[in-house]
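First comes the structure, then the notes that go with it.
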Amino acid sequence: MDLEYVKRETMPAKWCPGCGLHTLFSVVTEVLGELKLTNTVIVSGIGCSGRSASYFNLDTLHGLHGRPIPNAVGIKAANPKLNVVVVSGDGDLLGIGGNHLLHAARRNDNITVICNNNEVLAMTGGQLAPTTRVGGKTTLTPEGSEISPINAQGIITSNKRYFYARTSTVHIDHLRKCVKEALQHEGFSFVENVFPCIDNYAIKSLGLTLKDVMAETKEGYKITSAETLGERDLGVMKR
């Protein structure tokens with residue numbers, strides 16, 4: 001963690017013990033420090049990930065649910081010299097804000113979007129999300145979801161120009177690499193960080209411990225340099 005980019009009076013961060021957001025936040029501050037991106041604005045929406053905005057020692061905007069991307073696009077349009085970074089969750093970006101993601105990626109707006117994919121609507125109790133895996137038990141699907149999760153990779157890479165990365169908080173070096181490349185990319189860049197919600201999903205619904213989730217993520221996802229990522233691959237795709 002680079003303390004220059006941390007609003008110390010807000011610490012400790014109010015995320016559940018074991019939540020991947022602690023690691024994600026720490027890595028983002030480290031990369032910002034390494035690249036010396038002090039002229040950065042952090043934008044977030046509603047949800048557990050949305051709390052991120054209040055923890056950065058930078059100019060930040062905590063916007064309405066599903067609206068961080070248009071807020072970020074507006075900030076970048078008003079001052080193109082700024083580095084504008086969205087840090088929010090899958091429910092915010094891929095659910096209610098999905099339309100904004102679709103068109104910002106299509107326009108290749110020069111912002112970076114870091115999506116924390118924890119597979120459920122975690123802050124509101126663990127309801128079904130666009131990213132919930134098939135068989136995932138949530139408060140709305142107690143017998144397990146029968147719906148395939150949204151394909152974020154497919155959405156981003158359907159455009160002629162794109163940057164899409166999938167990584168996880170368990171693969172910290174890879175997470176750092178993906179965030180760094182995304183921040184250095186000219187155009188729209190999207191990083192999907194996968195790590196299931198510990199409290200309102202893994203423990204309560206799946207019967208898994210933090211140790212189980214970490215092991216499952218570490219063993220279930222593999223880093224690859226393939227041009228197209230499989231469902232359980234971690235890597236970077238750009239054109």
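Following the order of the structure tokens, chains are lettered A, B, ..., residues in each are numbered from 1, and ligands are numbered from 1.
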- request: Name the residues in contact with Thr224 (chain A) at a cut-off of 9 Å, using only C-alpha atoms, excluding same-chain residues fewer than 4 positions from it; report them as a PyMOL selection string.
  value: chain A and resi 229+233-236
Residues of region 68-124 of chain A that approach region 182-186 of chain A to 10 Å or less, counting only C-alpha atoms: could you list each one with the shortest pair of atoms and its distance in Å to one decimal, rows by chain and increasing residue number, as a Markdown table?
```
| residue | atom | partner | partner_atom | distance |
| --- | --- | --- | --- | --- |
| A:Asn83 | CA | A:Leu183 | CA | 8.1 |
| A:Val84 | CA | A:Leu183 | CA | 9.1 |
| A:Val85 | CA | A:Leu183 | CA | 8.1 |
| A:Asn108 | CA | A:Glu186 | CA | 9.0 |
| A:Asp109 | CA | A:Glu186 | CA | 9.0 |
| A:Asn110 | CA | A:Glu186 | CA | 6.2 |
| A:Ile111 | CA | A:Glu186 | CA | 8.3 |
| A:Thr112 | CA | A:Leu183 | CA | 6.3 |
| A:Val113 | CA | A:Ala182 | CA | 8.4 |
| A:Ile114 | CA | A:Ala182 | CA | 8.8 |
```
Per-residue nearest contacts of region 127-147 of chain A to region 198-211 of chain A (9 Å; only C-alpha atoms) as CSV:
```
residue,atom,partner,partner_atom,distance
A:Gln127,CA,A:Tyr201,CA,8.7
A:Gly136,CA,A:Leu206,CA,7.4
A:Lys137,CA,A:Ser205,CA,5.5
A:Thr138,CA,A:Ser205,CA,6.0
A:Thr139,CA,A:Ser205,CA,7.8
A:Pro142,CA,A:Ser205,CA,7.8
```
Enumerate, in order of chain and increasing residue number, the residues of region 111-212 of chain A with an atom no farther than 12 Å from region 89-95 of chain A, each with its shortest atom pair and distance in Å to one decimal, counting only C-alpha atoms, as JSON lines.
```
{"residue": "A:Val113", "atom": "CA", "partner": "A:Leu93", "partner_atom": "CA", "distance": 9.0}
{"residue": "A:Ile114", "atom": "CA", "partner": "A:Gly89", "partner_atom": "CA", "distance": 8.2}
{"residue": "A:Cys115", "atom": "CA", "partner": "A:Gly89", "partner_atom": "CA", "distance": 5.1}
{"residue": "A:Asn116", "atom": "CA", "partner": "A:Gly89", "partner_atom": "CA", "distance": 4.6}
{"residue": "A:Asn117", "atom": "CA", "partner": "A:Asp90", "partner_atom": "CA", "distance": 5.0}
{"residue": "A:Asn118", "atom": "CA", "partner": "A:Asp90", "partner_atom": "CA", "distance": 7.1}
{"residue": "A:Glu119", "atom": "CA", "partner": "A:Asp90", "partner_atom": "CA", "distance": 7.3}
{"residue": "A:Val120", "atom": "CA", "partner": "A:Gly91", "partner_atom": "CA", "distance": 7.3}
{"residue": "A:Leu121", "atom": "CA", "partner": "A:Gly91", "partner_atom": "CA", "distance": 5.9}
{"residue": "A:Ala122", "atom": "CA", "partner": "A:Gly91", "partner_atom": "CA", "distance": 8.7}
{"residue": "A:Met123", "atom": "CA", "partner": "A:Gly91", "partner_atom": "CA", "distance": 10.0}
{"residue": "A:Thr124", "atom": "CA", "partner": "A:Gly91", "partner_atom": "CA", "distance": 10.7}
{"residue": "A:Gly126", "atom": "CA", "partner": "A:Gly91", "partner_atom": "CA", "distance": 10.9}
{"residue": "A:Gln127", "atom": "CA", "partner": "A:Gly91", "partner_atom": "CA", "distance": 10.0}
{"residue": "A:Leu128", "atom": "CA", "partner": "A:Gly91", "partner_atom": "CA", "distance": 9.3}
{"residue": "A:Ala129", "atom": "CA", "partner": "A:Gly91", "partner_atom": "CA", "distance": 6.1}
{"residue": "A:Pro130", "atom": "CA", "partner": "A:Gly95", "partner_atom": "CA", "distance": 6.0}
{"residue": "A:Thr131", "atom": "CA", "partner": "A:Asp90", "partner_atom": "CA", "distance": 6.9}
{"residue": "A:Thr132", "atom": "CA", "partner": "A:Asp90", "partner_atom": "CA", "distance": 9.8}
{"residue": "A:Pro149", "atom": "CA", "partner": "A:Leu94", "partner_atom": "CA", "distance": 10.4}
{"residue": "A:Ile150", "atom": "CA", "partner": "A:Leu94", "partner_atom": "CA", "distance": 7.8}
{"residue": "A:Asn151", "atom": "CA", "partner": "A:Leu94", "partner_atom": "CA", "distance": 9.5}
{"residue": "A:Ala152", "atom": "CA", "partner": "A:Leu94", "partner_atom": "CA", "distance": 7.7}
{"residue": "A:Gln153", "atom": "CA", "partner": "A:Leu94", "partner_atom": "CA", "distance": 11.4}
{"residue": "A:Ile155", "atom": "CA", "partner": "A:Leu94", "partner_atom": "CA", "distance": 10.0}
{"residue": "A:Ile156", "atom": "CA", "partner": "A:Leu94", "partner_atom": "CA", "distance": 11.4}
{"residue": "A:Phe190", "atom": "CA", "partner": "A:Leu93", "partner_atom": "CA", "distance": 10.7}
{"residue": "A:Val191", "atom": "CA", "partner": "A:Gly89", "partner_atom": "CA", "distance": 11.1}
{"residue": "A:Glu192", "atom": "CA", "partner": "A:Asp90", "partner_atom": "CA", "distance": 8.7}
{"residue": "A:Asn193", "atom": "CA", "partner": "A:Gly89", "partner_atom": "CA", "distance": 9.3}
{"residue": "A:Val194", "atom": "CA", "partner": "A:Asp90", "partner_atom": "CA", "distance": 9.6}
{"residue": "A:Phe195", "atom": "CA", "partner": "A:Asp90", "partner_atom": "CA", "distance": 11.1}
{"residue": "A:Pro196", "atom": "CA", "partner": "A:Asp90", "partner_atom": "CA", "distance": 11.0}
{"residue": "A:Cys197", "atom": "CA", "partner": "A:Gly89", "partner_atom": "CA", "distance": 11.0}
```
Writing out the chosen residues with C-alpha atoms as a tab-separated table (two decimals), in the first residue's frame:
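Full text of again_39.tsv as output:
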```
chain	number	residue	atom	x	y	z
A	113	VAL	CA	-12.56	0.81	-15.24
A	114	ILE	CA	-11.62	-1.63	-12.47
A	115	CYS	CA	-14.50	-3.97	-11.72
A	116	ASN	CA	-14.48	-6.02	-8.54
A	117	ASN	CA	-16.46	-9.14	-9.42
A	118	ASN	CA	-17.61	-10.82	-6.20
A	119	GLU	CA	-20.47	-12.75	-7.88
A	120	VAL	CA	-23.37	-11.29	-5.85
A	121	LEU	CA	-25.04	-8.05	-4.80
A	122	ALA	CA	-23.04	-8.18	-1.61
A	123	MET	CA	-23.88	-4.98	0.26
A	124	THR	CA	-27.65	-5.59	0.09
A	126	GLY	CA	-26.20	-11.46	-1.29
A	127	GLN	CA	-28.81	-11.43	-4.04
A	128	LEU	CA	-28.33	-12.85	-7.53
A	129	ALA	CA	-26.01	-10.71	-9.68
A	130	PRO	CA	-25.21	-10.73	-13.40
A	131	THR	CA	-21.94	-12.46	-12.50
A	132	THR	CA	-23.27	-15.25	-10.25
A	149	PRO	CA	-23.10	-15.25	-15.83
A	150	ILE	CA	-22.59	-12.22	-18.04
A	151	ASN	CA	-19.63	-12.38	-20.41
A	152	ALA	CA	-17.70	-9.16	-19.69
A	153	GLN	CA	-14.87	-10.28	-21.94
A	155	ILE	CA	-18.77	-7.24	-24.30
A	156	ILE	CA	-15.41	-5.46	-24.24
A	190	PHE	CA	-11.39	-2.68	-18.30
A	191	VAL	CA	-9.97	-4.87	-15.52
A	192	GLU	CA	-12.18	-7.60	-14.06
A	193	ASN	CA	-10.97	-8.70	-10.63
A	194	VAL	CA	-12.58	-11.96	-9.56
A	195	PHE	CA	-12.93	-12.94	-5.91
A	196	PRO	CA	-16.26	-14.14	-4.41
A	197	CYS	CA	-17.84	-12.18	-1.57
```
query: Which neighbours of Glu34 (chain A) fall inside 9 Å, counting only C-alpha atoms, when residues of the same chain fewer than 3 positions from it are skipped, and could you give them as a PyMOL selection string?
result: chain A and resi 2+29-31+37+180
Output for the residues just chosen: C-alpha atoms as a short mmCIF file (atom, residue, chain, number, x, y, z; two decimals), in the first residue's frame:
```cif
data_model
loop_
_atom_site.label_atom_id
_atom_site.label_comp_id
_atom_site.auth_asym_id
_atom_site.auth_seq_id
_atom_site.Cartn_x
_atom_site.Cartn_y
_atom_site.Cartn_z
CA ASP A 2 1.33 3.44 -0.95
CA THR A 29 -2.50 2.68 -4.53
CA GLU A 30 0.85 0.95 -5.14
CA VAL A 31 0.52 1.19 -8.92
CA LEU A 37 -0.25 9.47 -11.13
CA LYS A 180 -0.53 -1.06 -14.34
#
```
Pick from A:Ser148, A:Thr157, A:Ser88, A:Thr60, whichever lies nearest to Ser189 (chain A) using only C-alpha atoms: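 For Ser189 (chain A), the nearest of the candidates is A:Thr157.
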- request: DSSP on the backbone, then: every residue of region 10-203 of chain A marked alpha helix (DSSP H), written as number ranges by chain.
  value: A: 20-35, 68-78, 90, 98-107, 152-157, 172-184
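Here the question is which of A:Ser225, A:Thr23, A:Thr217, A:Asn39 gets nearest to Lys238 (chain A) using only C-alpha atoms, and that residue is A:Ser225.
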message: For Thr38 (chain A), find every residue with an atom within 10 Å (counting only C-alpha atoms), except residues of its own chain fewer than 2 positions away, and show them as a list in words.
response: Glu4, Tyr5, Leu32, Gly33, Leu35, Lys36, Thr40, Val41, Asn57, Leu58, Asp59, Leu82 and Asn83 of chain A
- request: Name the residues in contact with region 44-55 of chain A at a cut-off of 7 Å, using only C-alpha atoms, excluding same-chain residues fewer than 6 positions from it; report them as a PyMOL selection string.
  value: chain A and resi 6-7+10+21+61-68+86-89+92+116+122-123
Of the listed residues A:Ile96, A:Ile223, A:Val43, A:Ala77, that which approaches His174 (chain A) most closely, counting only C-alpha atoms: A:Ile223
message: Can you measure CA of Pro70 (chain A) to CA of Ser26 (chain A) for me? One decimal in Å is fine.
response: 25.2 Å
